[in-house]
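Source file final_26.csv; content: CSV, C-alpha atoms.
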chain,number,residue,atom,x,y,z
A,289,MET,CA,18.2,17.6,0.2
A,290,PRO,CA,16.2,19.3,3.0
A,291,SER,CA,13.1,17.4,4.2
A,292,ASN,CA,10.8,20.2,3.1
A,293,GLU,CA,11.9,19.6,-0.5
A,294,LEU,CA,11.6,15.8,-0.4
A,295,THR,CA,8.5,14.4,-2.0
A,296,ALA,CA,6.8,11.0,-1.8
A,297,GLU,CA,8.4,10.3,-5.2
A,298,ASP,CA,11.8,11.0,-3.7
A,299,LEU,CA,11.3,8.4,-1.0
A,300,PHE,CA,9.5,5.6,-3.0
A,301,GLU,CA,9.1,4.3,-6.5
A,302,CYS,CA,7.1,1.2,-6.9
A,303,THR,CA,8.8,-1.6,-8.8
A,304,GLN,CA,5.7,-3.8,-8.8
A,305,CYS,CA,7.7,-6.6,-7.3
A,306,GLY,CA,4.9,-7.8,-5.0
A,307,GLU,CA,6.9,-7.9,-1.8
A,308,CYS,CA,4.4,-5.6,-0.1
A,309,CYS,CA,1.6,-8.0,-1.2
A,310,LYS,CA,2.7,-10.8,1.1
A,311,GLY,CA,3.5,-11.4,4.7
A,312,PHE,CA,2.2,-11.3,8.2
A,313,GLY,CA,-0.7,-9.2,9.2
A,314,GLY,CA,-2.8,-8.9,6.1
A,315,THR,CA,-4.3,-5.9,4.4
A,316,TYR,CA,-7.2,-4.2,6.3
A,317,VAL,CA,-10.1,-3.3,4.1
A,318,SER,CA,-12.7,-0.6,4.9
A,319,SER,CA,-16.3,-0.8,3.9
A,320,GLU,CA,-15.5,1.7,1.1
A,321,ASP,CA,-12.7,-0.6,-0.1
A,322,ILE,CA,-15.1,-3.6,0.0
A,323,GLU,CA,-17.7,-1.7,-2.0
A,324,ARG,CA,-15.2,-0.5,-4.6
A,325,ILE,CA,-13.5,-3.9,-5.1
A,326,ALA,CA,-16.8,-5.8,-5.1
A,327,GLN,CA,-18.2,-3.5,-7.8
A,328,PHE,CA,-14.9,-4.0,-9.9
A,329,LEU,CA,-15.3,-7.8,-9.6
A,330,ASN,CA,-19.1,-7.6,-10.3
A,331,LEU,CA,-19.9,-9.1,-6.9
A,332,SER,CA,-22.1,-8.1,-4.0
A,333,PRO,CA,-20.2,-6.8,-1.0
A,334,ASP,CA,-21.5,-9.8,1.0
A,335,THR,CA,-20.2,-12.3,-1.6
A,336,PHE,CA,-16.9,-10.4,-1.7
A,337,ARG,CA,-16.5,-10.6,2.1
A,338,ARG,CA,-17.3,-14.4,2.1
A,339,ARG,CA,-14.9,-15.2,-0.7
A,340,TYR,CA,-12.0,-12.8,-0.2
A,341,CYS,CA,-11.9,-11.6,3.4
A,342,ALA,CA,-10.8,-13.0,6.7
A,343,PRO,CA,-11.4,-11.7,10.2
A,344,SER,CA,-8.5,-10.1,12.1
A,345,GLY,CA,-9.7,-9.0,15.5
A,346,ASP,CA,-12.8,-6.9,14.9
A,347,ARG,CA,-11.8,-5.9,11.3
A,348,LEU,CA,-11.5,-7.7,8.0
A,349,VAL,CA,-8.4,-8.3,6.0
A,350,LEU,CA,-7.9,-9.6,2.4
A,351,ALA,CA,-7.4,-13.3,2.5
A,352,GLN,CA,-3.9,-14.7,1.6
A,353,GLN,CA,-2.9,-17.5,-0.7
A,354,ASP,CA,-1.0,-20.5,0.7
A,355,ASN,CA,2.2,-18.9,-0.4
A,356,GLY,CA,1.6,-15.9,1.8
A,357,TYR,CA,0.7,-13.5,-1.0
A,358,CYS,CA,-2.6,-11.5,-1.1
A,359,VAL,CA,-5.4,-13.5,-2.8
A,360,PHE,CA,-5.3,-10.8,-5.6
A,361,TRP,CA,-1.6,-11.1,-6.4
A,362,ASP,CA,-0.9,-13.0,-9.6
A,363,ARG,CA,2.6,-11.6,-10.6
A,364,ILE,CA,0.8,-8.3,-10.6
A,365,CYS,CA,-2.1,-6.9,-8.6
A,366,THR,CA,-5.3,-8.0,-10.3
A,367,ILE,CA,-7.4,-5.3,-8.6
A,368,HIS,CA,-4.8,-2.5,-9.0
A,369,PRO,CA,-7.3,0.1,-10.2
A,370,VAL,CA,-9.4,-0.3,-7.0
A,371,LYS,CA,-6.8,-1.6,-4.5
A,372,PRO,CA,-7.5,-0.9,-0.8
A,373,ARG,CA,-6.5,2.4,0.7
A,374,MET,CA,-3.9,0.6,2.8
A,375,CYS,CA,-2.2,-0.6,-0.4
A,376,ARG,CA,-2.5,2.8,-2.1
A,377,MET,CA,-0.8,4.5,0.8
A,378,TRP,CA,2.2,2.0,0.9
A,379,PRO,CA,4.8,2.7,2.2
A,380,PHE,CA,3.5,5.9,3.8
A,381,ILE,CA,1.7,4.2,6.7
A,382,PRO,CA,0.8,6.0,10.0
A,383,SER,CA,2.7,3.6,12.2
A,384,LEU,CA,5.9,5.2,10.8
A,385,LEU,CA,5.1,8.3,12.8
A,386,LYS,CA,5.3,6.2,16.0
A,387,ASP,CA,8.6,4.5,15.1
A,388,ILE,CA,10.6,5.8,12.2
A,389,ASP,CA,12.9,2.8,12.3
A,390,ASN,CA,10.1,0.8,10.7
A,391,TRP,CA,11.0,2.5,7.5
A,392,TRP,CA,14.3,0.7,7.2
A,393,ILE,CA,12.7,-2.6,8.3
A,394,MET,CA,10.1,-2.3,5.6
A,395,ALA,CA,12.8,-1.2,3.1
A,396,ASP,CA,14.6,-4.5,3.7
A,397,SER,CA,11.9,-6.2,1.7
A,398,CYS,CA,10.8,-3.4,-0.6
A,399,PRO,CA,13.3,-2.4,-3.3
A,400,GLY,CA,11.4,0.8,-4.2
A,401,MET,CA,12.0,2.4,-0.8
A,402,ARG,CA,14.9,4.8,-0.6
A,403,ARG,CA,17.3,4.0,2.3
A,404,ASN,CA,20.0,6.6,2.1
A,405,LEU,CA,18.3,9.3,4.2
A,406,ASP,CA,19.0,10.7,7.6
A,407,LYS,CA,16.4,10.0,10.3
A,408,ALA,CA,15.5,13.7,10.8
A,409,SER,CA,14.8,14.4,7.1
A,410,LEU,CA,12.9,11.2,6.6
A,411,SER,CA,10.8,11.8,9.7
A,412,ALA,CA,9.9,15.3,8.7
A,413,CYS,CA,9.0,14.3,5.1
A,414,LEU,CA,6.9,11.3,6.3
A,415,ARG,CA,5.1,13.4,8.8
A,416,ARG,CA,4.2,15.9,6.1
A,417,ILE,CA,3.0,13.2,3.7
A,418,ILE,CA,1.0,11.3,6.3
A,419,GLU,CA,-0.5,14.1,8.3
A,420,ASP,CA,-1.2,16.8,5.7
A,421,PRO,CA,-4.6,16.0,4.1
A,422,GLY,CA,-3.6,17.7,0.8
A,423,GLU,CA,-0.4,15.8,0.5
A,424,ARG,CA,-2.0,12.5,1.5
A,425,CYS,CA,-4.7,13.0,-1.2
A,426,ARG,CA,-2.0,13.8,-3.8
A,427,VAL,CA,-0.1,10.5,-2.8
A,428,LEU,CA,-3.3,8.5,-3.0
A,429,ASN,CA,-4.2,9.8,-6.4
A,430,SER,CA,-0.8,10.1,-8.0
A,431,PRO,CA,-0.4,8.5,-11.5
A,432,GLN,CA,2.4,6.3,-10.0
A,433,ARG,CA,-0.1,4.7,-7.7
A,434,ARG,CA,-2.5,4.0,-10.6
A,435,VAL,CA,0.1,2.3,-12.8
A,436,GLU,CA,-1.5,-0.3,-15.0
A,437,GLU,CA,0.4,-3.3,-16.2
A,438,ARG,CA,3.7,-2.2,-17.7
A,439,PRO,CA,4.8,-3.4,-21.1
A,440,GLY,CA,6.6,-6.7,-20.8
A,441,ARG,CA,4.8,-7.8,-17.6
A,442,PRO,CA,2.9,-11.1,-17.8
Show me, as structure tokens, the structure contained in the file I just sent.
Amino acid sequence: MPSNELTAEDLFECTQCGECCKGFGGTYVSSEDIERIAQFLNLSPDTFRRRYCAPSGDRLVLAQQDNGYCVFWDRICTIHPVKPRMCRMWPFIPSLLKDIDNWWIMADSCPGMRRNLDKASLSACLRRIIEDPGERCRVLNSPQRRVEERPGRP
């Protein structure tokens, strides 16, 4: 399929496995993310920062549990309706434009990422998804990204 016909849905379908919710580096949160999540949790932004954030350089990230998972992971994302922008964009992150090979590294731990694509088609599609404001907005607001708990999930 030509890259101009590929969509975000062709490249990724979330399985809600939680593999993207753990690991090194943490999830950066913006002031907008903090406001939205704090309101969802009925907390002040300052209380949210103290309880659920950790510093990473000059930015804040969501804290992690001892098992390496995000503090909000409990076999499903407990803040899914208001999860941070970084989570909503997964796996369409800007660093892929610098090194497309990161796609396959990320796909090693994410069962929802399609692997059987040639580098040129993948690169062109990712560039369109990440750089085009309209496409990025569509990805951020797609129903798939707002999936609530699925039947049969704890």
- [ ] Grab the atom CA of A:Gln304 to atom CA of A:Ile364 distance for me, in Å with one decimal place.
- [x] 6.9 Å
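Picture a line from atom CA of A:Lys407 to atom CA of A:Pro379; it runs 15.9 Å.
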Open item on the list: Between atom CA of A:Arg403 and atom CA of A:Trp378, what distance in Å does the model show, to one decimal?
Closed with: 15.3 Å
- [ ] Find the spatial neighbours of A:Asp387, counting only C-alpha atoms, within a cut-off of 12 Å - ignore same-chain residues fewer than 3 positions away - and output them as a list in words.
- [x]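 Neighbouring residues, sequence-local ones excluded: Ile381, Pro382, Ser383, Leu384, Asn390, Trp391, Trp392, Ile393, Met394, Lys407, Leu410, Ser411, Leu414 and Arg415 of chain A.
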Write a file of the just-selected residues containing C-alpha atoms, as a PDB file, keeping the file's coordinate frame.
ATOM      1  CA  ILE A 381       1.700   4.200   6.700  1.00  0.00           C
ATOM      2  CA  PRO A 382       0.800   6.000  10.000  1.00  0.00           C
ATOM      3  CA  SER A 383       2.700   3.600  12.200  1.00  0.00           C
ATOM      4  CA  LEU A 384       5.900   5.200  10.800  1.00  0.00           C
ATOM      5  CA  ASN A 390      10.100   0.800  10.700  1.00  0.00           C
ATOM      6  CA  TRP A 391      11.000   2.500   7.500  1.00  0.00           C
ATOM      7  CA  TRP A 392      14.300   0.700   7.200  1.00  0.00           C
ATOM      8  CA  ILE A 393      12.700  -2.600   8.300  1.00  0.00           C
ATOM      9  CA  MET A 394      10.100  -2.300   5.600  1.00  0.00           C
ATOM     10  CA  LYS A 407      16.400  10.000  10.300  1.00  0.00           C
ATOM     11  CA  LEU A 410      12.900  11.200   6.600  1.00  0.00           C
ATOM     12  CA  SER A 411      10.800  11.800   9.700  1.00  0.00           C
ATOM     13  CA  LEU A 414       6.900  11.300   6.300  1.00  0.00           C
ATOM     14  CA  ARG A 415       5.100  13.400   8.800  1.00  0.00           C
TER      15      ARG A 415
END
Open item on the list: Measuring between all atoms listed in the file, which one of A:Ala412, A:Leu385, A:Leu329, A:Cys305 shows the shortest distance to A:Pro369?
Closed with: A:Leu329
Task: From A:Ile388, A:Thr366, A:Arg376, A:Glu320, residue lying nearest A:Ser409 [all atoms listed in the file] - done: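 For A:Ser409, the nearest of the candidates is A:Ile388.
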Task: Residues near stretch 346-355 of chain A, cut-off 8 Å, only C-alpha atoms, skip fewer than 4 positions along chain, as a list in words - done: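 After dropping sequence-adjacent residues, the list is Lys310, Gly314, Thr315, Tyr316, Val317, Ser318, Tyr340, Cys341, Ala342 and Val359 of chain A.
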Because some atoms of stretch 398-422 of chain A are absent here, can you restore N, CA and C atoms and send them as a tab-separated table (two decimals), in the frame of the given file?
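Result file follows (result-v3.tsv):
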chain	number	residue	atom	x	y	z
A	398	CYS	N	11.42	-4.16	0.47
A	398	CYS	CA	10.80	-3.40	-0.60
A	398	CYS	C	11.94	-2.62	-1.36
A	399	PRO	N	12.25	-3.07	-2.58
A	399	PRO	CA	13.30	-2.40	-3.30
A	399	PRO	C	13.01	-1.00	-3.80
A	400	GLY	N	11.76	-0.58	-3.73
A	400	GLY	CA	11.40	0.80	-4.20
A	400	GLY	C	11.57	1.85	-3.15
A	401	MET	N	11.88	1.46	-1.90
A	401	MET	CA	12.00	2.40	-0.80
A	401	MET	C	13.45	2.93	-0.70
A	402	ARG	N	13.60	4.23	-0.69
A	402	ARG	CA	14.90	4.80	-0.60
A	402	ARG	C	15.45	4.65	0.86
A	403	ARG	N	16.70	4.27	0.97
A	403	ARG	CA	17.30	4.00	2.30
A	403	ARG	C	18.33	5.00	2.72
A	404	ASN	N	18.90	5.74	1.82
A	404	ASN	CA	20.00	6.60	2.10
A	404	ASN	C	19.58	8.01	2.59
A	405	LEU	N	18.77	8.03	3.64
A	405	LEU	CA	18.30	9.30	4.20
A	405	LEU	C	18.59	9.35	5.67
A	406	ASP	N	18.84	10.55	6.16
A	406	ASP	CA	19.00	10.70	7.60
A	406	ASP	C	17.65	10.64	8.27
A	407	LYS	N	17.64	10.21	9.51
A	407	LYS	CA	16.40	10.00	10.30
A	407	LYS	C	15.57	11.28	10.36
A	408	ALA	N	16.20	12.41	10.60
A	408	ALA	CA	15.50	13.70	10.80
A	408	ALA	C	14.76	14.08	9.48
A	409	SER	N	15.45	14.00	8.35
A	409	SER	CA	14.80	14.40	7.10
A	409	SER	C	13.71	13.44	6.71
A	410	LEU	N	13.95	12.14	6.90
A	410	LEU	CA	12.90	11.20	6.60
A	410	LEU	C	11.69	11.37	7.47
A	411	SER	N	11.92	11.56	8.75
A	411	SER	CA	10.80	11.80	9.70
A	411	SER	C	9.98	12.98	9.34
A	412	ALA	N	10.63	14.08	9.03
A	412	ALA	CA	9.90	15.30	8.70
A	412	ALA	C	9.10	15.13	7.40
A	413	CYS	N	9.69	14.49	6.42
A	413	CYS	CA	9.00	14.30	5.10
A	413	CYS	C	7.81	13.34	5.34
A	414	LEU	N	8.00	12.24	6.07
A	414	LEU	CA	6.90	11.30	6.30
A	414	LEU	C	5.77	11.96	7.07
A	415	ARG	N	6.11	12.76	8.06
A	415	ARG	CA	5.10	13.40	8.80
A	415	ARG	C	4.24	14.34	7.92
A	416	ARG	N	4.89	15.05	7.01
A	416	ARG	CA	4.20	15.90	6.10
A	416	ARG	C	3.27	15.11	5.16
A	417	ILE	N	3.80	14.01	4.63
A	417	ILE	CA	3.00	13.20	3.70
A	417	ILE	C	1.84	12.54	4.38
A	418	ILE	N	2.05	12.02	5.58
A	418	ILE	CA	1.00	11.30	6.30
A	418	ILE	C	-0.03	12.15	6.94
A	419	GLU	N	0.41	13.27	7.51
A	419	GLU	CA	-0.50	14.10	8.30
A	419	GLU	C	-1.20	15.20	7.50
A	420	ASP	N	-0.61	15.67	6.42
A	420	ASP	CA	-1.20	16.80	5.70
A	420	ASP	C	-2.26	16.18	4.71
A	421	PRO	N	-3.54	16.54	4.89
A	421	PRO	CA	-4.60	16.00	4.10
A	421	PRO	C	-4.38	16.21	2.56
A	422	GLY	N	-3.89	17.36	2.19
A	422	GLY	CA	-3.60	17.70	0.80
A	422	GLY	C	-2.54	16.78	0.20
